Structures are given as C-alpha cells and as structure tokens.
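A.B. asks: Got a structure for you, questions after.
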Amino acid sequence: MTRRVLLSLALFGMLAGAAVVVVRGGEAGAGDREGSEAASFAEGRDASRRQAPAFSKVLAPQRGSIVGSVVDGAGKAVARAAVTAHGPVSRATQSGADGTWRLADLDAGEYRLDASSGLLASEPVGPVPLAGGEELRDLVLVLEVGAALSGVVRDQRDGRPIPAATVTAGASGATSDEQGRFRLTGLPGGLLTLQAFAEGYVPRSSEVELVRGRERTGADVHLERAGRVFGRVTDNQGKPVPFAEVLSARYGFASRLSSLAPVAVTAEDGAFSGNVPPGRLELLARAAGYAEARTEEFDLGASEEHEANLQLGQGGTLFGQVRDAEGAGVSQCQVQAFDTVHGRITAQGSTGPGGQYWLAGVPQAVYLVFAACPTGRAEAGGVRLAEGAQVQVDLQLGSGTIAGRVVDAAGKPVAGAAIAVRPDGSAAPESPAGTSRADGTFELGRLAGSRFAVSASAPRGRAERAGVAPGTRDLVLALGSAELVGIVVGDRGAPVPDFVVYAEPQQLESGRPRSQRFLSSIGEFRMPLAPGRYGLKVGAPGYGNATVPGVEVRSGPPGPKVRVILTQGATVRGRTIDPQGVGVPGVRVATSPNMLFAYGRAAPVASGAFALSDEKGAFTLTGVAPGERVHLFAAKEGWQQKGPAFASASSGAEVSNVEVRLAPGSRRDEGEREFAGVGMTLGNRDGVVVIHEVFEGGPAREAGIRPGDQVLKVDGAPAPGGQLNEVIARIRGEVGTTVTLTVRRDGRESVLAIPRAVVKF
C-alpha cells in the first residue's frame with residue numbers, strides 16, 4: 001500500500017501508531033484450576049499451541065520503504081546527496097541525478113531522516129511512522145547551510161589517538177586519520193547524536209549541540225577498549241540454533257539487563273563472536289520459539305577473551321486471572337512478567353473476556369507479575385519460575401482512588417499530560433493510567449496497595465510524587481521547567497571535552513538522581529532537571545572526580561553557570577605478585593574498596609580507578625586522583641592481599657614499579673557474596689541506626705536515602721541501634737519485594753519504600 005506524506009513538521013510531530021501481537025502457547029494442563037472455566041481456558045490454550053505454525057506465517061515481518069527527493073533552498077534538485085534514516089534499523093543511500101532517493105527494506109516503526117551534501121544539511125524530519133509493508137512517498141528534504149564538527153578519537157585508558165575509527169552524525173560520516181583526527185561537515189544545527197566505533201573498542205554515542213554556519217572544534221571522543229566473547233548457542237538437545245541474537249549487559253546493580261547491547265547473530269552452526277565492554281558481564285541469547293538463555297556473570301578485562309556457550313530452553317508458563325475488587329474478571333489488561341533479578345520485562349500478554357492470561361516460554365527467574373488495566377493496577381512479587389514449570393498467579397485490583405491535577409510552573413492547568421502510577425517502592429516499571437483533562441484534573445481508580453508513586457509527563461516537563469496514599473483527592477503535580485547549566489575545565493584552565501555529570505537531589509522524596517554523558521569542545525553542559533537542590537559529581541577520562549554540593553536549580557531561565565574543576569589524574573603502573581614474586585593474573589586492583597565490587601564499578605561516576613592485572617600480573621591505573629599516599633586495594637578469588645600497597649602520585653605524573661603482594665587464602669565463594677538488599681551500610685550511633693554509606697546506582701540511593709540519615713522504623717516496627725544485626729536482617733529479603741523505611745534527616749521524618757535488589761560482591 002502507498003501513503004502520501006504532507007511535508008509539515010507539525011504534522012510529523014503528531015503522527016503516531018503502534019500494534020502489538022501476542023502469540024500464546026504452552027504445555028497441556030492448567031495446574032490446580034478446576035471446573036468448566038478452567039477446562040475452557042485449557043482448551044483455548046491448546047488450540048493456540050496447535051495454531052502456532054499458522055501464526056508464524058501471519059507474523060512474518062513485512063518490510064516498508066520511504067521515497068522522496070533532496071532539493072536546495074531554491075527548490076532545485078540536488079544529486080548525490082547522502083540520505084539516512086534512523087529508527088528500528090538504520091539505512092543510507094544517495095540521491096540520483098534528479099534528486100530522488102528510496103530507502104527500502106525498513107522494519108515497521110518510527111524513523112528520523114536527514115540529508116547532507118558538502119557543507120549543506122537538512123533539518124532532521126520525524127519521527128515518521130512506517131507500518132509493515134507500507135511505502136511512504138513524496139518526502140522532500142531541503143538543504144541549507146550546515147554545521148561542522150572536528151576532533152580526535154582517543155583511547156580512554158591512555159589518551160592515545162585511534163586511527164581508522166568511524167565517526168558519524170546525522171547523514172555525515174568520516175574515518176579518523178593516523179593522528180585520530182576526524183571532521184564532519186553538512187550537519188544540521190541543534191542537538192545531534194555523535195557515534196564513534198573502532199575495531200577492538202566499545203562503540204560510543206554522545207549528544208553534541210551545533211550551530212549552523214559554525215564549526216565546533218576540539219570534540220575529542222574517548223573510546224573504551226573492548227573484550228571479546230565467543231561460543232555457541234544450542235537448544236536443550238544440543239542442536240545448534242542459527243540466527244539467534246546474542247546480547248551483553250554490564251552489571252548495573254538493580255537493573256543489569258535493562259540495557260542490552262548487541263554482540264552478534266549466530267551462524268548456521270550456532271557459533272558467534274563479538275566485542276563487549278569490559279567489566280562484570282552477562283550474556284543473553286534469544287531466538288524465535290525459545291525462552292531466552294543467560295550465562296553466569298563473569299569478569300572480563302580490556303582486550304581479554306571469554307568463551308561462553310548458551311543453551312536455549314522452552315521456559316516455563318505463568319497463567320492466572322485478573323479480577324476487580326468484587327472478584328469479577330477484568331479484560332483488556334496488559335499483564336507483564338518483570339524479572340526482578342535482571343531488571344527487565346521478559347514476557348507480556350493481555351487478559352481475555354474472563355480476565356484470564358497465559359504467558360508461555362518465560363525464562364527461569366524470580367518474577368514480579370503485574371497487570372495494568374484500563375482502570376487500575378495490581379501486582380504480585382516473589383514468583384519463582386523453574387524451567388518447564390507452570391505457576392498460577394492471580395491478581396486482584398483494589399478499590400483505592402487518587403485524584404489531583406497537573407499544573408505548569410506558573411500554576412496554570414496542563415491538559416493532555418500523561419499520567420502513570422505504580423506502588424511506591426515497586427521494582428516494576430510504572431503503568432500508563434490516562435491523561436489529564438482540559439482543566440488539568442485526573443483520577444486514578446482500582447488501585448491495590450497502601451502507597452503509590454504518581455507521575456505526570458508533558459512537553460513542558462515532568463513531575464513525580466511518591467508516598468501518595470489511596471483516598472488522596474488534592475494531589476498537585478507541578479511540571480518543573482528548569483535547567484542546570486555549567487562548564488567543566490581542567491586544573492590548568494583548559495575545557496574538558498568528554499565528561500559525565502551525575503546530579504543527585506538532596507531533599508527527601510524529591511526525585512531520582514540523573515546522569516548524562518556530554519561531548520563538548522568548550523566543556524559546557526545543559527541538563528534538564530526538576531527544580532530543587534542537587535549535589536553534583538563529575539568525572540572524565542584521565543581526571544580525578546569532582547563534587548559540587550548544594551547547587552540550586554530554579555524554574556525559569558537558567559541561573560549562573562556552575563564551574564567544575566577537574567584535577568588531571570596520575571597513571572600508576574605495577575604488578576600483582578605472589579610470595580615468590582611471580583605475577584598473579586586476573587587480580588582486581590583499585591584505589592577504592594568499592595571499586596573491587598560489581599556495584600562500585602556500576603556507579604554512574606566511578607569512585608576511583610580500577611584495572612585487572614594481565615597474564616603477567618601487570619596492571620595500569622589511569623585517572624588516579626593525586627595524593628601523597630594513594631592506597632591500592634586488590635582482590636581475587638582464592639587470594640588475599642598481604643599488607644598495604646601505596647603510591648605517591650602527583651597531577652599528570654606516571655608512577656611505575658608498584659608492587660601489590662598477594663598470598664593464597666580462602667575466600668567465600670561467589671554464591672555467598674551476593675544478597676538481596678537495598679544497597680547501603682548501617683551503624684549504631686548512641687542507640688540510633690545511622691546510614692554510613694549508600695551505594696550509587698542502587699535502590700536506596702534512587703529512593704532518596706543519603707549517608708547520615710537515621711533509620712527509625714523498618715516496615716513500621718522500631719529499629720533500635722542496639723540490635724543492628726536484627727535490623728539488617730529485616731531490611732534484607734526477597735528480590736523484587738519492598739521494604740519501607742522511616743528515616744529522619746535534618747529533624748524531618750519521611751517514609752520511603754525501597755525495592756530489594758541483588759547486591760553483588
């Protein structure tokens with residue numbers, strides 16, 4: 001089919017479309033269900049299984065295409081212009097002699113398109129929705145004076161230039177020369193995504209802001225050296241699975257697999273190989289008709305290799321019924337299975353006329369199952385599912401209601417804001433719950449739970465309130481329009497072009513921390529934030545971290561620029577050796593004890609330098625914060641560090657021949673070094689439980705807990721400091737469940753609900 005497109009950016013902004021198709025199947029039998037309803041449900045489920053081949057034909061992907069032309073400002077056709085489309089897949093082509101172009105073989109979804117020729121560039125157009133099998137025609141891209149960007153691609157570890165790296169932005173691309181230099185021309189103005197990748201390195205994406213008619217120089221891009229993984233994917237009978245997708249994920253504390261990076265697609269014999277970022281990793285494989293498989297976690301250093309074989313199984317089945325408060329089945333509910341250990345949704349489906357649902361091929365894990373219905377939400381946590389098992393999980397909506405209104409920074413009502421809700425402290429994502437009316441009001445019903453987090457999102461901003469009790473009728477969600485503006489420079493005054501900013505709210509219940517990586521030749525950053533007071537932590541390759549407390553972010557125009565000064569770090573080289581002076585490979589070496597553990601290295605801005613020793617025991621730490629006595633910490637399974645190791649490092653200096661001594665010694669095995677908690681350490685101060693440390697990136701930090709807070713109650717029961725071990729045991733529990741803490745800060749008490757997650761040592 002063909003659809004003509006009106007060339008209006010306003011129209012493109014309004015177009016939207018989505019379709020979800022769910023195929024249900026599984027083994028016969030429905031657990032403990034009895035009576036005619038269960039028999040009817042089982043019969044329908046078996047029919048679904050028998051029809052699977054027919055569904056496979058219906059669901060075969062249909063590709064679409066987009067056709068258009070490129071013209072200059074006078075409407076004259078432009079030949080040989082580069083045209084790109086970015087969306088579910090990326091495609092590139094060139095315009096012909098008459099300026100026309102065609103992008104084919106596109107998956108369904110939304111695309112952004114742009115074109116460039118020399119110093120000319122078009123404004124990006126989109127998102128443009130494309131349906132399966134559809135062809136969009138007559139899309140015109142108009143070229144105007146563009147912007148340019150130049151810089152150097154460097155190794156993140158030692159700053160050396162990387163030749164033959166590919167750098168792209170918009171429709172422009174370049175390859176770095178022997179000195180790592182690149183230059184992109186014909187770029188549109190505004191905020192652009194810059195992508196860089198090179199053989200043996202982890203691909204990198206950054207946002208950069210450009211101005212038409214100007215060239216931004218000094219945009220140095222730092223790439224991280226990759227490790228390599230290889231292996232085979234088979235089914236549970238040992239047969240190879242071709243065309244299986246293999247992905248990787250770094251350990252991210254509470255949500256390791258929420259961000260998956262593609263590694264490879266298996267060959268006919270099931271073999272795969274590819275580059276992955278170094279660190280604490282997990283591989284995942286998935287293919288049509290199978291439940292996804294995961295490896296055990298493993299540590300991989302830069303330039304190291306690791307063999308990993310994955311076996312795809314059939315998974316298990318989750319089934320049940322969603323009922324309202326009176327016990328009647330509720331249809332048209334979206335039911336999702338959220339893997340609480342790995343932090344991602346692995347299966348989803350919809351309820352039928354009687355409220356029944358059936359999720360088959362679900363991987364073995366511990367789940368939080370939740371239902372988002374047109375008029376309510378319910379969930380159940382701690383659901384353990386084994387391979388091949390069938391587990392019944394019935395969900396019941398509540399009778400709680402919450403009403404309120406959405407306003408802007410000036411207090412005026414906001415219509416059409418997207419409202420979302422979830423139980424306070426739930427590990428699962430929030431569920432869409434409607435939109436605000438013309439007068440800004442909204443109402444949520446059929447809520448099951450005691451406290452909720454409610455959010456509103458609109459082009460003018462976002463607002464969220466936690467700890468909202470059912471029965472609340474006057475909730476006000478004020479959309480904040482605020483921005484933090486700053487500049488990052490080195491201790492010698494030069495701008496730092498590549499850095500990460502971590503902004504953490506300092507008031508209780510005032511939102512979650514946010515981190516963002518910036519690429520700016522002048523060291524400038526602009527970060528949208530909700531109004532409030534923040535603590536900043538900034539890090540960059542080759543520099544020690546810097547912290548800036550008490551930064552005020554107000555609604556309206558940005559305040560004065562925050563100036564952050566980073567100190568040039570030192571490089572420390574050495575060896576990890578045994579009592580005979582022989583090098584010990586695979587030793588974790590760091591300048592902070594937290595960096596020895598997975599959760600420490602998963603922080604948005606690392607709290608120190610970290611390295612793995614090579615096969616000869618050699619290690620290199622870069623970006624070490626200067627100091628007269630920099631303490632080095634080391635850890636490896638089966639070994640213990642013997643005596644302290646120090647280095648004296650000044651800014652920008654190189655220190656060599658540092659020895660870190662180890663001796664064979666027993667350590668707890670990996671299984672004993674993980675538990676389900678919220679990511680913090682406690683102490684006893686004058687009979688009061690005081691929080692000593694809160695792990696960055698963990699649930700407690702996300703909920704608003706900070707060092708120095710006093711814990712008064714755990715799930716409503718007093719928390720006496722004299723019984724610290726008992727208090728810790730009550731805070732720990734099942735992954736994905738919630739613990740409620742009553743804490744005191746600056747004389748003010750607050751109740752915070754926090755989901756438990758796996759804390760990996």
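Each chain of the structure tokens is named A, B, ... in the order shown, its residues numbered from 1; ligands are numbered from 1 in display order.
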Run DSSP on the backbone and grab whatever in segment 271-457 of chain A lands in strand (DSSP E); send it over as a PyMOL selection string.

C.D. replies: chain A and resi 271-276+279-286+293-294+298-300+305-307+310-312+316-323+334-339+344-350+356-362+365-373+376-385+390-392+395-396+400-407+418-423+431-435+441-447+452-457

A.B. asks: With C-alpha atoms kept, could you save the residues just selected as a short mmCIF file (atom, residue, chain, number, x, y, z; two decimals), in the first residue's frame?

C.D. replies:
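Okay, again.cif is ready:
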```cif
data_model
loop_
_atom_site.label_atom_id
_atom_site.label_comp_id
_atom_site.auth_asym_id
_atom_site.auth_seq_id
_atom_site.Cartn_x
_atom_site.Cartn_y
_atom_site.Cartn_z
CA ALA A 271 28.69 -20.11 16.61
CA PHE A 272 29.14 -16.43 17.46
CA SER A 273 31.88 -13.96 18.38
CA GLY A 274 31.95 -10.25 19.07
CA ASN A 275 33.27 -7.35 21.12
CA VAL A 276 31.80 -6.42 24.51
CA GLY A 279 33.71 -5.32 33.37
CA ARG A 280 31.25 -7.55 35.20
CA LEU A 281 29.20 -9.03 32.36
CA GLU A 282 26.40 -11.37 31.49
CA LEU A 283 25.49 -12.67 28.02
CA LEU A 284 21.97 -13.37 26.82
CA ALA A 285 20.75 -15.31 23.78
CA ARG A 286 17.26 -15.31 22.31
CA ALA A 293 19.10 -18.07 27.99
CA ARG A 294 21.72 -16.30 30.12
CA PHE A 298 31.98 -13.15 34.61
CA ASP A 299 34.72 -10.51 34.85
CA LEU A 300 36.34 -9.55 31.54
CA GLU A 305 38.71 -13.18 25.62
CA HIS A 306 35.99 -15.33 27.20
CA GLU A 307 34.22 -18.41 25.89
CA LEU A 310 24.35 -20.80 25.86
CA GLN A 311 21.54 -23.36 25.77
CA LEU A 312 18.05 -22.17 24.85
CA GLY A 316 8.02 -22.03 31.93
CA THR A 317 4.45 -20.73 31.99
CA LEU A 318 2.73 -18.07 34.06
CA PHE A 319 -1.06 -18.04 33.97
CA GLY A 320 -3.97 -16.81 36.04
CA GLN A 321 -6.80 -14.33 36.21
CA VAL A 322 -7.10 -10.60 36.85
CA ARG A 323 -10.13 -9.73 38.98
CA GLN A 334 -1.77 -5.77 29.96
CA VAL A 335 -0.03 -8.45 32.07
CA GLN A 336 3.77 -8.37 32.23
CA ALA A 337 6.38 -10.59 33.88
CA PHE A 338 9.21 -8.46 35.31
CA ASP A 339 12.44 -10.35 36.08
CA ARG A 344 13.65 -6.31 32.73
CA ILE A 345 10.31 -7.47 31.33
CA THR A 346 10.65 -10.89 29.68
CA ALA A 347 7.02 -11.72 28.78
CA GLN A 348 3.74 -9.90 28.31
CA GLY A 349 0.20 -10.54 27.17
CA SER A 350 -3.42 -9.40 27.56
CA GLN A 356 -7.53 -14.87 32.11
CA TYR A 357 -4.00 -14.55 30.79
CA TRP A 358 -1.35 -17.03 29.67
CA LEU A 359 2.40 -16.26 29.34
CA ALA A 360 4.43 -19.13 27.83
CA GLY A 361 8.15 -19.50 27.12
CA VAL A 362 9.08 -17.44 30.18
CA ALA A 365 13.80 -16.45 37.20
CA VAL A 366 12.12 -14.71 40.13
CA TYR A 367 9.29 -12.52 38.85
CA LEU A 368 7.07 -9.64 39.78
CA VAL A 369 3.87 -10.13 37.77
CA PHE A 370 1.77 -7.01 37.30
CA ALA A 371 -1.39 -6.09 35.44
CA ALA A 372 -2.04 -2.62 34.02
CA CYS A 373 -5.77 -2.34 33.31
CA GLY A 376 -6.43 0.09 37.70
CA ARG A 377 -3.27 -1.83 38.52
CA ALA A 378 -2.29 -4.86 40.64
CA GLU A 379 0.90 -6.87 41.13
CA ALA A 380 2.37 -9.90 42.90
CA GLY A 381 6.08 -10.33 43.69
CA GLY A 382 8.43 -13.15 44.60
CA VAL A 383 7.07 -15.54 41.94
CA ARG A 384 9.67 -18.26 41.33
CA LEU A 385 9.51 -19.97 37.95
CA GLN A 390 3.55 -23.82 35.29
CA VAL A 391 2.75 -21.30 38.01
CA GLN A 392 -0.65 -19.75 38.64
CA LEU A 395 -4.08 -10.64 40.51
CA GLN A 396 -6.79 -8.55 42.13
CA GLY A 400 -8.29 2.79 46.14
CA THR A 401 -8.56 6.07 44.24
CA ILE A 402 -6.26 9.07 43.79
CA ALA A 403 -7.36 12.35 42.23
CA GLY A 404 -5.48 15.55 41.50
CA ARG A 405 -4.43 17.98 38.82
CA VAL A 406 -1.42 18.82 36.68
CA VAL A 407 -0.17 22.42 36.52
CA ALA A 418 0.47 11.51 30.50
CA ILE A 419 -0.31 10.12 33.98
CA ALA A 420 1.47 6.99 35.24
CA VAL A 421 1.33 5.09 38.53
CA ARG A 422 2.98 2.23 40.41
CA PRO A 423 3.02 1.04 44.02
CA SER A 431 1.99 1.84 34.18
CA PRO A 432 0.23 4.40 31.95
CA ALA A 433 -3.01 5.48 33.64
CA GLY A 434 -4.50 8.05 31.27
CA THR A 435 -4.11 11.75 30.59
CA THR A 441 -7.52 17.21 36.54
CA PHE A 442 -7.15 13.42 36.60
CA GLU A 443 -8.45 10.48 38.62
CA LEU A 444 -6.96 7.02 39.19
CA GLY A 445 -9.08 4.11 40.39
CA ARG A 446 -8.96 0.42 41.33
CA LEU A 447 -5.54 0.73 42.97
CA PHE A 452 1.85 4.96 45.31
CA ALA A 453 4.24 6.93 43.13
CA VAL A 454 2.29 9.06 40.62
CA SER A 455 3.92 10.93 37.75
CA ALA A 456 2.87 13.35 35.00
CA SER A 457 4.80 13.94 31.78
#
```

A.B. asks: Contacts of segment 178-185 of chain A at 7 Å or less, counting only C-alpha atoms, minus same-chain residues fewer than 3 places along, as a PyMOL selection string?

C.D. replies: chain A and resi 118-119+147-154+161-163+172-175

A.B. asks: Take the residues that were just selected and, keeping C-alpha atoms, output them as an mmCIF file, in the first residue's frame.

C.D. replies:
```cif
data_model
loop_
_atom_site.group_PDB
_atom_site.id
_atom_site.type_symbol
_atom_site.label_atom_id
_atom_site.label_comp_id
_atom_site.auth_asym_id
_atom_site.auth_seq_id
_atom_site.Cartn_x
_atom_site.Cartn_y
_atom_site.Cartn_z
ATOM 1 C CA GLY A 118 29.194 19.125 1.349
ATOM 2 C CA LEU A 119 28.585 21.941 3.848
ATOM 3 C CA ALA A 147 27.428 22.985 10.719
ATOM 4 C CA ALA A 148 30.768 21.174 11.062
ATOM 5 C CA LEU A 149 32.388 19.174 13.849
ATOM 6 C CA SER A 150 36.016 18.114 14.255
ATOM 7 C CA GLY A 151 38.119 16.451 16.916
ATOM 8 C CA VAL A 152 40.273 13.450 17.789
ATOM 9 C CA VAL A 153 39.268 9.892 18.634
ATOM 10 C CA ARG A 154 41.324 8.729 21.633
ATOM 11 C CA PRO A 161 44.848 8.648 19.171
ATOM 12 C CA ILE A 162 42.897 5.866 17.433
ATOM 13 C CA PRO A 163 43.285 5.738 13.626
ATOM 14 C CA SER A 172 27.622 12.695 7.643
ATOM 15 C CA GLY A 173 30.410 10.214 8.315
ATOM 16 C CA ALA A 174 34.217 10.169 8.421
ATOM 17 C CA THR A 175 37.182 7.915 9.230
#
```

A.B. asks: Residues within 9 Å of Thr266 of chain A, please, as a PDB file with C-alpha atoms, in the first residue's frame. Count only C-alpha atoms; anything in the same chain fewer than 6 positions from it doesn't count.

C.D. replies:
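Output saved as selection.pdb:
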```
ATOM      1  CA  ARG A 232      27.876 -21.439  20.501  1.00  0.00           C
ATOM      2  CA  VAL A 233      24.117 -21.312  21.047  1.00  0.00           C
ATOM      3  CA  VAL A 241      20.441 -22.643  16.829  1.00  0.00           C
ATOM      4  CA  PRO A 242      21.224 -20.414  13.838  1.00  0.00           C
ATOM      5  CA  PHE A 243      20.220 -16.737  13.638  1.00  0.00           C
ATOM      6  CA  ALA A 244      19.953 -16.446  17.430  1.00  0.00           C
ATOM      7  CA  GLU A 245      20.616 -12.964  18.776  1.00  0.00           C
ATOM      8  CA  VAL A 246      23.404 -12.678  21.372  1.00  0.00           C
ATOM      9  CA  PHE A 272      29.139 -16.428  17.462  1.00  0.00           C
ATOM     10  CA  SER A 273      31.885 -13.961  18.382  1.00  0.00           C
TER      11      SER A 273
END
```

A.B. asks: Report, in Å with one decimal, the straight-line distance from atom CA of Val67 of chain A to atom CA of Ser117 of chain A.

C.D. replies: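 For atom CA of Val67 of chain A relative to atom CA of Ser117 of chain A, the distance reads 18.2 Å.
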
A.B. asks: Can you tell me which residues surround segment 536-540 of chain A at a distance of at most 8 Å, considering only C-alpha atoms, apart from same-chain residues fewer than 6 positions away, and format the answer as an NGL selection string?

C.D. replies: :A and (496 or 498-504 or 546-549 or 551 or 564 or 566 or 605-606)

A.B. asks: Interatomic distance between atom CA of Gly416 of chain A and atom CA of Thr375 of chain A?

C.D. replies: 17.4 Å

A.B. asks: Nearest to Tyr201 of chain A among A:Ala249, A:Val145, A:Ala302, A:Val694, with distances taken over only C-alpha atoms: which residue is it?

C.D. replies: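 Looking only at the distances to Tyr201 of chain A, the closest residue turns out to be A:Ala302.
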
A.B. asks: Mind checking which residues fall within 10 Å of segment 620-632 of chain A, counting only C-alpha atoms, ignoring those fewer than 3 positions away in the same chain, and posting them as a PyMOL selection string?

C.D. replies: chain A and resi 156-159+539-546+566-575+589-593+607-614+644-656+658-660

A.B. asks: Could you tell me which of A:Gly638, A:Gly721, A:Gly535, A:Pro353 comes closest to Pro513 of chain A if we count only C-alpha atoms?

C.D. replies: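 Looking at the shortest contact to Pro513 of chain A, the residue is A:Gly535.
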
A.B. asks: Distance atom CA of Leu596 of chain A-atom CA of Ala700 of chain A, one decimal place?

C.D. replies: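 Pair atom CA of Leu596 of chain A / atom CA of Ala700 of chain A returns 20.2 Å.
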